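Trainee: Hey, dropping target.cif in here, mmCIF, N, CA and C atoms:
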data_final
#
loop_
_atom_site.label_atom_id
_atom_site.label_comp_id
_atom_site.auth_asym_id
_atom_site.auth_seq_id
_atom_site.Cartn_x
_atom_site.Cartn_y
_atom_site.Cartn_z
N MET A 7 89.59 102.72 82.90
CA MET A 7 89.51 102.86 84.35
C MET A 7 88.11 103.36 84.67
N THR A 8 87.38 102.62 85.48
CA THR A 8 86.01 103.00 85.83
C THR A 8 85.91 103.36 87.30
N CYS A 9 86.81 104.18 87.77
CA CYS A 9 86.80 104.49 89.19
C CYS A 9 86.01 105.76 89.49
N GLY A 10 85.14 105.68 90.49
CA GLY A 10 84.44 106.85 91.00
C GLY A 10 83.61 107.58 89.98
N LYS A 11 82.78 106.87 89.23
CA LYS A 11 81.96 107.52 88.21
C LYS A 11 80.94 108.46 88.85
N VAL A 12 80.79 109.61 88.24
CA VAL A 12 79.82 110.60 88.69
C VAL A 12 78.90 110.90 87.52
N SER A 13 77.58 110.88 87.76
CA SER A 13 76.61 111.15 86.70
C SER A 13 76.41 112.64 86.54
N TYR A 14 76.35 113.06 85.28
CA TYR A 14 76.11 114.46 84.94
C TYR A 14 74.78 114.57 84.21
N LYS A 15 74.31 115.78 84.10
CA LYS A 15 73.08 116.05 83.38
C LYS A 15 73.21 115.50 81.96
N GLY A 16 72.19 114.83 81.48
CA GLY A 16 72.23 114.25 80.14
C GLY A 16 72.71 112.81 80.14
N GLY A 17 72.94 112.21 81.31
CA GLY A 17 73.32 110.82 81.41
C GLY A 17 74.80 110.54 81.22
N ARG A 18 75.61 111.56 80.98
CA ARG A 18 77.05 111.39 80.79
C ARG A 18 77.71 111.08 82.14
N THR A 19 78.70 110.17 82.14
CA THR A 19 79.45 109.88 83.36
C THR A 19 80.93 110.11 83.12
N ASP A 20 81.61 110.62 84.14
CA ASP A 20 83.05 110.86 84.07
C ASP A 20 83.68 110.41 85.38
N PRO A 21 84.91 109.87 85.32
CA PRO A 21 85.58 109.52 86.58
C PRO A 21 85.98 110.79 87.33
N LYS A 22 85.91 110.74 88.64
CA LYS A 22 86.32 111.90 89.45
C LYS A 22 87.78 111.76 89.83
N VAL A 23 88.63 111.48 88.85
CA VAL A 23 90.07 111.36 89.05
C VAL A 23 90.74 112.23 88.00
N ASN A 24 91.70 113.06 88.45
CA ASN A 24 92.41 113.95 87.54
C ASN A 24 93.91 113.80 87.72
N LEU A 25 94.65 114.03 86.65
CA LEU A 25 96.11 113.91 86.65
C LEU A 25 96.72 115.25 86.26
N VAL A 26 97.74 115.67 87.02
CA VAL A 26 98.53 116.85 86.68
C VAL A 26 99.97 116.36 86.56
N ARG A 27 100.58 116.60 85.39
CA ARG A 27 101.92 116.08 85.14
C ARG A 27 102.84 117.21 84.69
N TYR A 28 104.08 117.17 85.20
CA TYR A 28 105.12 118.08 84.75
C TYR A 28 106.42 117.29 84.70
N CYS A 29 106.95 117.09 83.51
CA CYS A 29 108.15 116.27 83.28
C CYS A 29 107.96 114.89 83.89
N ASP A 30 108.76 114.53 84.90
CA ASP A 30 108.63 113.21 85.49
C ASP A 30 107.92 113.24 86.84
N ASP A 31 107.27 114.35 87.17
CA ASP A 31 106.51 114.48 88.41
C ASP A 31 105.02 114.53 88.08
N PHE A 32 104.20 113.98 88.95
CA PHE A 32 102.76 114.08 88.73
C PHE A 32 102.00 113.99 90.04
N ILE A 33 100.79 114.52 90.02
CA ILE A 33 99.86 114.35 91.14
C ILE A 33 98.55 113.84 90.56
N VAL A 34 97.83 113.09 91.36
CA VAL A 34 96.53 112.57 90.98
C VAL A 34 95.55 113.04 92.03
N THR A 35 94.45 113.65 91.59
CA THR A 35 93.42 114.10 92.52
C THR A 35 92.20 113.22 92.34
N GLY A 36 91.45 113.07 93.42
CA GLY A 36 90.25 112.25 93.36
C GLY A 36 89.22 112.70 94.38
N ALA A 37 88.03 112.18 94.23
CA ALA A 37 86.90 112.57 95.08
C ALA A 37 87.05 112.07 96.52
N SER A 38 87.74 110.94 96.71
CA SER A 38 87.89 110.40 98.07
C SER A 38 89.20 109.64 98.21
N LYS A 39 89.61 109.48 99.45
CA LYS A 39 90.83 108.72 99.74
C LYS A 39 90.67 107.26 99.30
N GLU A 40 89.50 106.71 99.54
CA GLU A 40 89.23 105.31 99.17
C GLU A 40 89.33 105.11 97.66
N LEU A 41 88.81 106.05 96.90
CA LEU A 41 88.88 105.98 95.44
C LEU A 41 90.33 105.95 94.98
N LEU A 42 91.15 106.81 95.55
CA LEU A 42 92.56 106.87 95.16
C LEU A 42 93.32 105.61 95.59
N GLU A 43 93.09 105.15 96.83
CA GLU A 43 93.80 103.97 97.34
C GLU A 43 93.39 102.69 96.62
N ASN A 44 92.09 102.49 96.45
CA ASN A 44 91.59 101.21 95.96
C ASN A 44 91.49 101.09 94.45
N GLU A 45 91.33 102.21 93.75
CA GLU A 45 91.13 102.11 92.31
C GLU A 45 92.22 102.81 91.50
N ALA A 46 92.56 104.03 91.84
CA ALA A 46 93.54 104.77 91.04
C ALA A 46 94.97 104.27 91.26
N LEU A 47 95.37 104.07 92.51
CA LEU A 47 96.74 103.65 92.81
C LEU A 47 97.13 102.34 92.13
N PRO A 48 96.29 101.29 92.19
CA PRO A 48 96.65 100.06 91.47
C PRO A 48 96.82 100.26 89.96
N VAL A 49 95.98 101.10 89.36
CA VAL A 49 96.09 101.36 87.92
C VAL A 49 97.40 102.07 87.61
N ILE A 50 97.77 103.04 88.46
CA ILE A 50 99.02 103.79 88.26
C ILE A 50 100.22 102.86 88.42
N LYS A 51 100.19 102.01 89.46
CA LYS A 51 101.30 101.07 89.67
C LYS A 51 101.45 100.11 88.49
N GLU A 52 100.33 99.62 87.98
CA GLU A 52 100.37 98.70 86.83
C GLU A 52 100.91 99.43 85.59
N PHE A 53 100.45 100.64 85.35
CA PHE A 53 100.92 101.44 84.21
C PHE A 53 102.43 101.63 84.27
N LEU A 54 102.94 101.99 85.45
CA LEU A 54 104.38 102.23 85.60
C LEU A 54 105.18 100.94 85.49
N SER A 55 104.67 99.85 86.10
CA SER A 55 105.43 98.58 86.08
C SER A 55 105.56 98.03 84.65
N GLU A 56 104.57 98.27 83.80
CA GLU A 56 104.67 97.84 82.40
C GLU A 56 105.82 98.53 81.68
N ARG A 57 106.24 99.68 82.22
CA ARG A 57 107.31 100.47 81.62
C ARG A 57 108.62 100.36 82.40
N GLY A 58 108.66 99.44 83.36
CA GLY A 58 109.86 99.24 84.16
C GLY A 58 110.08 100.30 85.21
N LEU A 59 109.01 101.01 85.60
CA LEU A 59 109.10 102.07 86.59
C LEU A 59 108.28 101.72 87.81
N SER A 60 108.49 102.45 88.90
CA SER A 60 107.69 102.24 90.11
C SER A 60 107.56 103.56 90.87
N LEU A 61 106.56 103.61 91.73
CA LEU A 61 106.37 104.79 92.57
C LEU A 61 107.37 104.76 93.72
N SER A 62 107.88 105.90 94.09
CA SER A 62 108.78 106.01 95.23
C SER A 62 107.95 106.03 96.51
N PRO A 63 108.16 105.08 97.41
CA PRO A 63 107.38 105.07 98.67
C PRO A 63 107.59 106.32 99.51
N GLU A 64 108.79 106.94 99.41
CA GLU A 64 109.06 108.14 100.19
C GLU A 64 108.29 109.35 99.66
N LYS A 65 108.05 109.38 98.35
CA LYS A 65 107.39 110.53 97.73
C LYS A 65 105.89 110.34 97.55
N THR A 66 105.42 109.11 97.65
CA THR A 66 104.01 108.81 97.40
C THR A 66 103.22 108.89 98.69
N ARG A 67 102.16 109.72 98.65
CA ARG A 67 101.26 109.77 99.80
C ARG A 67 99.90 110.25 99.36
N ILE A 68 98.90 109.84 100.10
CA ILE A 68 97.53 110.27 99.83
C ILE A 68 97.13 111.17 100.99
N THR A 69 96.74 112.39 100.65
CA THR A 69 96.42 113.38 101.68
C THR A 69 95.22 114.21 101.26
N ASN A 70 94.59 114.82 102.22
CA ASN A 70 93.48 115.72 101.96
C ASN A 70 94.04 117.08 101.54
N ILE A 71 93.36 117.74 100.63
CA ILE A 71 93.82 119.05 100.14
C ILE A 71 93.88 120.08 101.27
N ALA A 72 93.09 119.90 102.31
CA ALA A 72 93.12 120.82 103.45
C ALA A 72 94.46 120.72 104.20
N GLN A 73 95.09 119.55 104.19
CA GLN A 73 96.40 119.38 104.81
C GLN A 73 97.50 119.92 103.91
N GLY A 74 97.26 119.90 102.61
CA GLY A 74 98.21 120.42 101.65
C GLY A 74 99.34 119.47 101.33
N PHE A 75 100.08 119.82 100.28
CA PHE A 75 101.23 119.02 99.87
C PHE A 75 102.17 119.90 99.06
N ASP A 76 103.43 119.49 98.96
CA ASP A 76 104.42 120.21 98.16
C ASP A 76 104.54 119.54 96.80
N PHE A 77 104.55 120.37 95.75
CA PHE A 77 104.70 119.88 94.38
C PHE A 77 105.51 120.90 93.61
N LEU A 78 106.66 120.48 93.11
CA LEU A 78 107.55 121.34 92.32
C LEU A 78 107.94 122.62 93.06
N GLY A 79 108.24 122.49 94.35
CA GLY A 79 108.69 123.63 95.14
C GLY A 79 107.59 124.56 95.60
N GLN A 80 106.35 124.17 95.35
CA GLN A 80 105.21 124.98 95.76
C GLN A 80 104.36 124.19 96.75
N ASN A 81 103.75 124.89 97.68
CA ASN A 81 102.83 124.27 98.62
C ASN A 81 101.42 124.50 98.11
N VAL A 82 100.69 123.42 97.90
CA VAL A 82 99.33 123.48 97.39
C VAL A 82 98.40 123.11 98.54
N ARG A 83 97.41 123.97 98.81
CA ARG A 83 96.56 123.75 99.97
C ARG A 83 95.26 124.52 99.81
N LYS A 84 94.24 124.05 100.49
CA LYS A 84 92.96 124.74 100.50
C LYS A 84 92.74 125.30 101.90
N TYR A 85 92.69 126.65 102.00
CA TYR A 85 92.48 127.33 103.28
C TYR A 85 91.09 127.94 103.28
N ASN A 86 90.26 127.54 104.22
CA ASN A 86 88.91 128.11 104.37
C ASN A 86 88.17 128.20 103.03
N GLY A 87 88.23 127.13 102.26
CA GLY A 87 87.53 127.10 100.99
C GLY A 87 88.25 127.76 99.83
N LYS A 88 89.40 128.37 100.07
CA LYS A 88 90.16 129.03 99.00
C LYS A 88 91.38 128.18 98.66
N PHE A 89 91.59 127.97 97.37
CA PHE A 89 92.71 127.19 96.87
C PHE A 89 93.91 128.11 96.72
N LEU A 90 95.01 127.81 97.46
CA LEU A 90 96.19 128.66 97.44
C LEU A 90 97.43 127.86 97.07
N ILE A 91 98.29 128.50 96.29
CA ILE A 91 99.59 127.93 95.94
C ILE A 91 100.63 128.96 96.33
N LYS A 92 101.58 128.55 97.17
CA LYS A 92 102.64 129.46 97.60
C LYS A 92 103.95 128.69 97.68
N PRO A 93 105.07 129.39 97.74
CA PRO A 93 106.37 128.68 97.83
C PRO A 93 106.41 127.80 99.08
N SER A 94 107.03 126.63 98.93
CA SER A 94 107.13 125.73 100.07
C SER A 94 108.14 126.27 101.08
N LYS A 95 107.97 125.88 102.33
CA LYS A 95 108.89 126.33 103.39
C LYS A 95 110.32 125.89 103.09
N LYS A 96 110.47 124.71 102.55
CA LYS A 96 111.79 124.18 102.20
C LYS A 96 112.46 125.07 101.15
N ASN A 97 111.70 125.49 100.14
CA ASN A 97 112.24 126.37 99.10
C ASN A 97 112.62 127.74 99.66
N ILE A 98 111.77 128.30 100.50
CA ILE A 98 112.05 129.61 101.10
C ILE A 98 113.33 129.54 101.92
N GLN A 99 113.49 128.48 102.71
CA GLN A 99 114.69 128.33 103.53
C GLN A 99 115.94 128.20 102.66
N ALA A 100 115.84 127.48 101.55
CA ALA A 100 116.99 127.32 100.66
C ALA A 100 117.42 128.67 100.07
N VAL A 101 116.46 129.48 99.65
CA VAL A 101 116.77 130.80 99.09
C VAL A 101 117.40 131.70 100.15
N LEU A 102 116.82 131.71 101.36
CA LEU A 102 117.36 132.54 102.44
C LEU A 102 118.77 132.10 102.82
N THR A 103 119.02 130.80 102.85
CA THR A 103 120.36 130.29 103.17
C THR A 103 121.36 130.74 102.12
N LYS A 104 120.98 130.69 100.86
CA LYS A 104 121.87 131.12 99.77
C LYS A 104 122.17 132.62 99.87
N ILE A 105 121.15 133.43 100.15
CA ILE A 105 121.34 134.88 100.28
C ILE A 105 122.26 135.19 101.47
N ARG A 106 122.02 134.53 102.60
CA ARG A 106 122.86 134.74 103.78
C ARG A 106 124.32 134.39 103.49
N SER A 107 124.52 133.29 102.78
CA SER A 107 125.86 132.85 102.44
C SER A 107 126.58 133.88 101.55
N ILE A 108 125.88 134.39 100.56
CA ILE A 108 126.48 135.40 99.66
C ILE A 108 126.85 136.65 100.45
N ILE A 109 125.96 137.09 101.32
CA ILE A 109 126.23 138.30 102.11
C ILE A 109 127.39 138.07 103.07
N LYS A 110 127.40 136.91 103.73
CA LYS A 110 128.46 136.59 104.69
C LYS A 110 129.82 136.49 104.00
N ASP A 111 129.87 135.85 102.83
CA ASP A 111 131.12 135.67 102.10
C ASP A 111 131.65 136.95 101.47
N ASN A 112 130.81 137.97 101.37
CA ASN A 112 131.21 139.20 100.69
C ASN A 112 131.00 140.43 101.56
N ARG A 113 131.28 140.30 102.85
CA ARG A 113 131.08 141.42 103.78
C ARG A 113 131.96 142.63 103.45
N GLN A 114 133.14 142.37 102.95
CA GLN A 114 134.07 143.47 102.67
C GLN A 114 133.85 144.09 101.28
N SER A 115 133.00 143.48 100.49
CA SER A 115 132.75 143.99 99.14
C SER A 115 131.88 145.24 99.20
N GLY A 116 131.94 146.01 98.16
CA GLY A 116 131.11 147.20 98.06
C GLY A 116 129.66 146.84 97.80
N LYS A 117 128.81 147.83 98.00
CA LYS A 117 127.37 147.63 97.85
C LYS A 117 127.02 147.18 96.42
N SER A 118 127.61 147.80 95.42
CA SER A 118 127.27 147.47 94.03
C SER A 118 127.71 146.05 93.67
N ILE A 119 128.86 145.62 94.19
CA ILE A 119 129.33 144.25 93.92
C ILE A 119 128.41 143.24 94.58
N LEU A 120 128.02 143.52 95.82
CA LEU A 120 127.12 142.61 96.54
C LEU A 120 125.78 142.50 95.81
N ILE A 121 125.26 143.61 95.34
CA ILE A 121 123.99 143.59 94.61
C ILE A 121 124.14 142.79 93.32
N SER A 122 125.26 142.95 92.64
CA SER A 122 125.51 142.18 91.40
C SER A 122 125.54 140.69 91.69
N LEU A 123 126.21 140.30 92.78
CA LEU A 123 126.27 138.88 93.14
C LEU A 123 124.89 138.33 93.49
N LEU A 124 124.11 139.12 94.21
CA LEU A 124 122.76 138.69 94.56
C LEU A 124 121.88 138.57 93.31
N ASN A 125 122.04 139.52 92.38
CA ASN A 125 121.27 139.46 91.14
C ASN A 125 121.64 138.24 90.31
N LEU A 126 122.91 137.88 90.29
CA LEU A 126 123.35 136.70 89.55
C LEU A 126 122.75 135.42 90.12
N SER A 127 122.55 135.40 91.43
CA SER A 127 122.01 134.20 92.07
C SER A 127 120.49 134.13 92.00
N SER A 128 119.87 135.22 91.56
CA SER A 128 118.42 135.26 91.48
C SER A 128 117.92 134.35 90.35
N LYS A 129 116.99 133.47 90.67
CA LYS A 129 116.47 132.54 89.67
C LYS A 129 115.25 133.09 88.94
N ASP A 130 114.54 134.00 89.56
CA ASP A 130 113.27 134.44 88.97
C ASP A 130 113.38 135.72 88.16
N GLY A 131 114.58 136.23 87.97
CA GLY A 131 114.77 137.39 87.11
C GLY A 131 114.54 138.73 87.80
N GLN A 132 114.14 138.71 89.06
CA GLN A 132 113.96 139.97 89.77
C GLN A 132 115.34 140.53 90.09
N THR A 133 115.45 141.84 90.15
CA THR A 133 116.73 142.45 90.47
C THR A 133 116.62 143.33 91.70
N ILE A 134 117.73 143.47 92.37
CA ILE A 134 117.83 144.33 93.55
C ILE A 134 118.55 145.58 93.08
N THR A 135 118.01 146.73 93.36
CA THR A 135 118.65 147.95 92.89
C THR A 135 119.21 148.75 94.05
N SER A 136 120.24 149.50 93.77
CA SER A 136 120.89 150.34 94.75
C SER A 136 120.44 151.78 94.55
N THR A 137 120.10 152.44 95.66
CA THR A 137 119.72 153.85 95.57
C THR A 137 120.69 154.71 96.32
#
Now, as a test, write the supplied structure out as structure tokens.

Mentor:
Amino acid sequence: MTCGKVSYKGGRTDPKVNLVRYCDDFIVTGASKELLENEALPVIKEFLSERGLSLSPEKTRITNIAQGFDFLGQNVRKYNGKFLIKPSKKNIQAVLTKIRSIIKDNRQSGKSILISLLNLSSKDGQTITST
């Protein structure tokens, strides 16, 4: 793939396209929208079609990093020149909905039981303690 070559000191050239992959999810970054649309996307589609796979039109989009995107439950975005990764709004809402449901379903339970139930539902290993 010879897309978007950039010259470096010493005459070396490298494409300005990068791939980040986790299991069956991936993102591709590039120097420009045109580079991704015209050169990288066709190569990716061809690579996948040779393996009987295709890109999902609902999940595939080309966007500027300043607008941000969600990847693996995280929102990736560049704010005022700073690269930030934080939980996506969708993920935060799902966690809050689950916590509200546990609290609502166990209103008559004691404090220690409620805390135990909340700790069991915690995915990140953090615990809530009773004082």

Trainee: Show me, as a list in words, the residues that have an atom within 8 Å of Gly36 of chain A when counting only C-alpha atoms, minus same-chain residues fewer than 6 positions from it.

Mentor: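 The residues satisfying every condition are Lys22, Val23, Asn24 and Leu42 of chain A.
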
Trainee: Using atom C of Gly58 of chain A and atom C of Asp30 of chain A as the two end points, give the distance in Å to one decimal.

Mentor: 13.2 Å

Trainee: Please identify which residues in segment 11-69 of chain A DSSP calls strand (DSSP E) from the backbone, and express them as a list in words.

Mentor: Lys11, Val12, Ser13, Thr19, Asp20, Pro21, Val23, Asn24, Leu25, Val26, Arg27, Tyr28, Asp31, Phe32, Ile33, Val34, Thr35 and Gly36 of chain A

Trainee: The selected residues should be written to file as a PDB file, in the frame of the given file (atoms: N, CA and C atoms).

Mentor:
ATOM      1  N   LYS A  11      82.780 106.870  89.230  1.00  0.00           N
ATOM      2  CA  LYS A  11      81.960 107.520  88.210  1.00  0.00           C
ATOM      3  C   LYS A  11      80.940 108.460  88.850  1.00  0.00           C
ATOM      4  N   VAL A  12      80.790 109.610  88.240  1.00  0.00           N
ATOM      5  CA  VAL A  12      79.820 110.600  88.690  1.00  0.00           C
ATOM      6  C   VAL A  12      78.900 110.900  87.520  1.00  0.00           C
ATOM      7  N   SER A  13      77.580 110.880  87.760  1.00  0.00           N
ATOM      8  CA  SER A  13      76.610 111.150  86.700  1.00  0.00           C
ATOM      9  C   SER A  13      76.410 112.640  86.540  1.00  0.00           C
ATOM     10  N   THR A  19      78.700 110.170  82.140  1.00  0.00           N
ATOM     11  CA  THR A  19      79.450 109.880  83.360  1.00  0.00           C
ATOM     12  C   THR A  19      80.930 110.110  83.120  1.00  0.00           C
ATOM     13  N   ASP A  20      81.610 110.620  84.140  1.00  0.00           N
ATOM     14  CA  ASP A  20      83.050 110.860  84.070  1.00  0.00           C
ATOM     15  C   ASP A  20      83.680 110.410  85.380  1.00  0.00           C
ATOM     16  N   PRO A  21      84.910 109.870  85.320  1.00  0.00           N
ATOM     17  CA  PRO A  21      85.580 109.520  86.580  1.00  0.00           C
ATOM     18  C   PRO A  21      85.980 110.790  87.330  1.00  0.00           C
ATOM     19  N   VAL A  23      88.630 111.480  88.850  1.00  0.00           N
ATOM     20  CA  VAL A  23      90.070 111.360  89.050  1.00  0.00           C
ATOM     21  C   VAL A  23      90.740 112.230  88.000  1.00  0.00           C
ATOM     22  N   ASN A  24      91.700 113.060  88.450  1.00  0.00           N
ATOM     23  CA  ASN A  24      92.410 113.950  87.540  1.00  0.00           C
ATOM     24  C   ASN A  24      93.910 113.800  87.720  1.00  0.00           C
ATOM     25  N   LEU A  25      94.650 114.030  86.650  1.00  0.00           N
ATOM     26  CA  LEU A  25      96.110 113.910  86.650  1.00  0.00           C
ATOM     27  C   LEU A  25      96.720 115.250  86.260  1.00  0.00           C
ATOM     28  N   VAL A  26      97.740 115.670  87.020  1.00  0.00           N
ATOM     29  CA  VAL A  26      98.530 116.850  86.680  1.00  0.00           C
ATOM     30  C   VAL A  26      99.970 116.360  86.560  1.00  0.00           C
ATOM     31  N   ARG A  27     100.580 116.600  85.390  1.00  0.00           N
ATOM     32  CA  ARG A  27     101.920 116.080  85.140  1.00  0.00           C
ATOM     33  C   ARG A  27     102.840 117.210  84.690  1.00  0.00           C
ATOM     34  N   TYR A  28     104.080 117.170  85.200  1.00  0.00           N
ATOM     35  CA  TYR A  28     105.120 118.080  84.750  1.00  0.00           C
ATOM     36  C   TYR A  28     106.420 117.290  84.700  1.00  0.00           C
ATOM     37  N   ASP A  31     107.270 114.350  87.170  1.00  0.00           N
ATOM     38  CA  ASP A  31     106.510 114.480  88.410  1.00  0.00           C
ATOM     39  C   ASP A  31     105.020 114.530  88.080  1.00  0.00           C
ATOM     40  N   PHE A  32     104.200 113.980  88.950  1.00  0.00           N
ATOM     41  CA  PHE A  32     102.760 114.080  88.730  1.00  0.00           C
ATOM     42  C   PHE A  32     102.000 113.990  90.040  1.00  0.00           C
ATOM     43  N   ILE A  33     100.790 114.520  90.020  1.00  0.00           N
ATOM     44  CA  ILE A  33      99.860 114.350  91.140  1.00  0.00           C
ATOM     45  C   ILE A  33      98.550 113.840  90.560  1.00  0.00           C
ATOM     46  N   VAL A  34      97.830 113.090  91.360  1.00  0.00           N
ATOM     47  CA  VAL A  34      96.530 112.570  90.980  1.00  0.00           C
ATOM     48  C   VAL A  34      95.550 113.040  92.030  1.00  0.00           C
ATOM     49  N   THR A  35      94.450 113.650  91.590  1.00  0.00           N
ATOM     50  CA  THR A  35      93.420 114.100  92.520  1.00  0.00           C
ATOM     51  C   THR A  35      92.200 113.220  92.340  1.00  0.00           C
ATOM     52  N   GLY A  36      91.450 113.070  93.420  1.00  0.00           N
ATOM     53  CA  GLY A  36      90.250 112.250  93.360  1.00  0.00           C
ATOM     54  C   GLY A  36      89.220 112.700  94.380  1.00  0.00           C
TER      55      GLY A  36
END

Trainee: Which distance in Å separates atom C of Asp31 of chain A and atom N of Lys96 of chain A, to one decimal?

Mentor: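 Computed distance, atom C of Asp31 of chain A to atom N of Lys96 of chain A, equals 18.5 Å.
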
Trainee: If you apply the PyMOL selection byres (((chain A and resi 68 and name CA) around 10) and name CA) to this file, what residues do you get, as an MDAnalysis selection string?

Mentor: chainID A and resid 33:36 38:40 42:43 47 66:67 69:71 75

Trainee: Next, the residues of the selection above should be written as a PDB file, keeping the file's coordinate frame with N, CA and C atoms.

Mentor:
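Result written to result.pdb:
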ATOM      1  N   ILE A  33     100.790 114.520  90.020  1.00  0.00           N
ATOM      2  CA  ILE A  33      99.860 114.350  91.140  1.00  0.00           C
ATOM      3  C   ILE A  33      98.550 113.840  90.560  1.00  0.00           C
ATOM      4  N   VAL A  34      97.830 113.090  91.360  1.00  0.00           N
ATOM      5  CA  VAL A  34      96.530 112.570  90.980  1.00  0.00           C
ATOM      6  C   VAL A  34      95.550 113.040  92.030  1.00  0.00           C
ATOM      7  N   THR A  35      94.450 113.650  91.590  1.00  0.00           N
ATOM      8  CA  THR A  35      93.420 114.100  92.520  1.00  0.00           C
ATOM      9  C   THR A  35      92.200 113.220  92.340  1.00  0.00           C
ATOM     10  N   GLY A  36      91.450 113.070  93.420  1.00  0.00           N
ATOM     11  CA  GLY A  36      90.250 112.250  93.360  1.00  0.00           C
ATOM     12  C   GLY A  36      89.220 112.700  94.380  1.00  0.00           C
ATOM     13  N   SER A  38      87.740 110.940  96.710  1.00  0.00           N
ATOM     14  CA  SER A  38      87.890 110.400  98.070  1.00  0.00           C
ATOM     15  C   SER A  38      89.200 109.640  98.210  1.00  0.00           C
ATOM     16  N   LYS A  39      89.610 109.480  99.450  1.00  0.00           N
ATOM     17  CA  LYS A  39      90.830 108.720  99.740  1.00  0.00           C
ATOM     18  C   LYS A  39      90.670 107.260  99.300  1.00  0.00           C
ATOM     19  N   GLU A  40      89.500 106.710  99.540  1.00  0.00           N
ATOM     20  CA  GLU A  40      89.230 105.310  99.170  1.00  0.00           C
ATOM     21  C   GLU A  40      89.330 105.110  97.660  1.00  0.00           C
ATOM     22  N   LEU A  42      91.150 106.810  95.550  1.00  0.00           N
ATOM     23  CA  LEU A  42      92.560 106.870  95.160  1.00  0.00           C
ATOM     24  C   LEU A  42      93.320 105.610  95.590  1.00  0.00           C
ATOM     25  N   GLU A  43      93.090 105.150  96.830  1.00  0.00           N
ATOM     26  CA  GLU A  43      93.800 103.970  97.340  1.00  0.00           C
ATOM     27  C   GLU A  43      93.390 102.690  96.620  1.00  0.00           C
ATOM     28  N   LEU A  47      95.370 104.070  92.510  1.00  0.00           N
ATOM     29  CA  LEU A  47      96.740 103.650  92.810  1.00  0.00           C
ATOM     30  C   LEU A  47      97.130 102.340  92.130  1.00  0.00           C
ATOM     31  N   THR A  66     105.420 109.110  97.650  1.00  0.00           N
ATOM     32  CA  THR A  66     104.010 108.810  97.400  1.00  0.00           C
ATOM     33  C   THR A  66     103.220 108.890  98.690  1.00  0.00           C
ATOM     34  N   ARG A  67     102.160 109.720  98.650  1.00  0.00           N
ATOM     35  CA  ARG A  67     101.260 109.770  99.800  1.00  0.00           C
ATOM     36  C   ARG A  67      99.900 110.250  99.360  1.00  0.00           C
ATOM     37  N   THR A  69      96.740 112.390 100.650  1.00  0.00           N
ATOM     38  CA  THR A  69      96.420 113.380 101.680  1.00  0.00           C
ATOM     39  C   THR A  69      95.220 114.210 101.260  1.00  0.00           C
ATOM     40  N   ASN A  70      94.590 114.820 102.220  1.00  0.00           N
ATOM     41  CA  ASN A  70      93.480 115.720 101.960  1.00  0.00           C
ATOM     42  C   ASN A  70      94.040 117.080 101.540  1.00  0.00           C
ATOM     43  N   ILE A  71      93.360 117.740 100.630  1.00  0.00           N
ATOM     44  CA  ILE A  71      93.820 119.050 100.140  1.00  0.00           C
ATOM     45  C   ILE A  71      93.880 120.080 101.270  1.00  0.00           C
ATOM     46  N   PHE A  75     100.080 119.820 100.280  1.00  0.00           N
ATOM     47  CA  PHE A  75     101.230 119.020  99.870  1.00  0.00           C
ATOM     48  C   PHE A  75     102.170 119.900  99.060  1.00  0.00           C
TER      49      PHE A  75
END

Trainee: Under the rule that only C-alpha atoms are counted, which of A:Lys110, A:Lys104, A:Leu25, A:Gly116 is the nearest residue to Ser128 of chain A?

Mentor: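 Closest to Ser128 of chain A of all the choices is A:Lys104.
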
Trainee: Tell me, in Å to one decimal, how far atom C of Glu64 of chain A is from atom C of Ile91 of chain A.

Mentor: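 It comes out at 21.3 Å.
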
Trainee: Out of A:Ser118, A:Gly74, A:Asn44, A:Gly79, which residue has the shortest atom-to-atom distance to Ile98 of chain A when counting all atoms listed in the file?

Mentor: A:Gly79

Trainee: To test your reading of the structure, identify every residue in segment 8-129 of chain A that backbone DSSP assigns to helix (DSSP H, G or I), and report it as a PyMOL selection string.

Mentor: chain A and resi 39-55+95-111+117-127
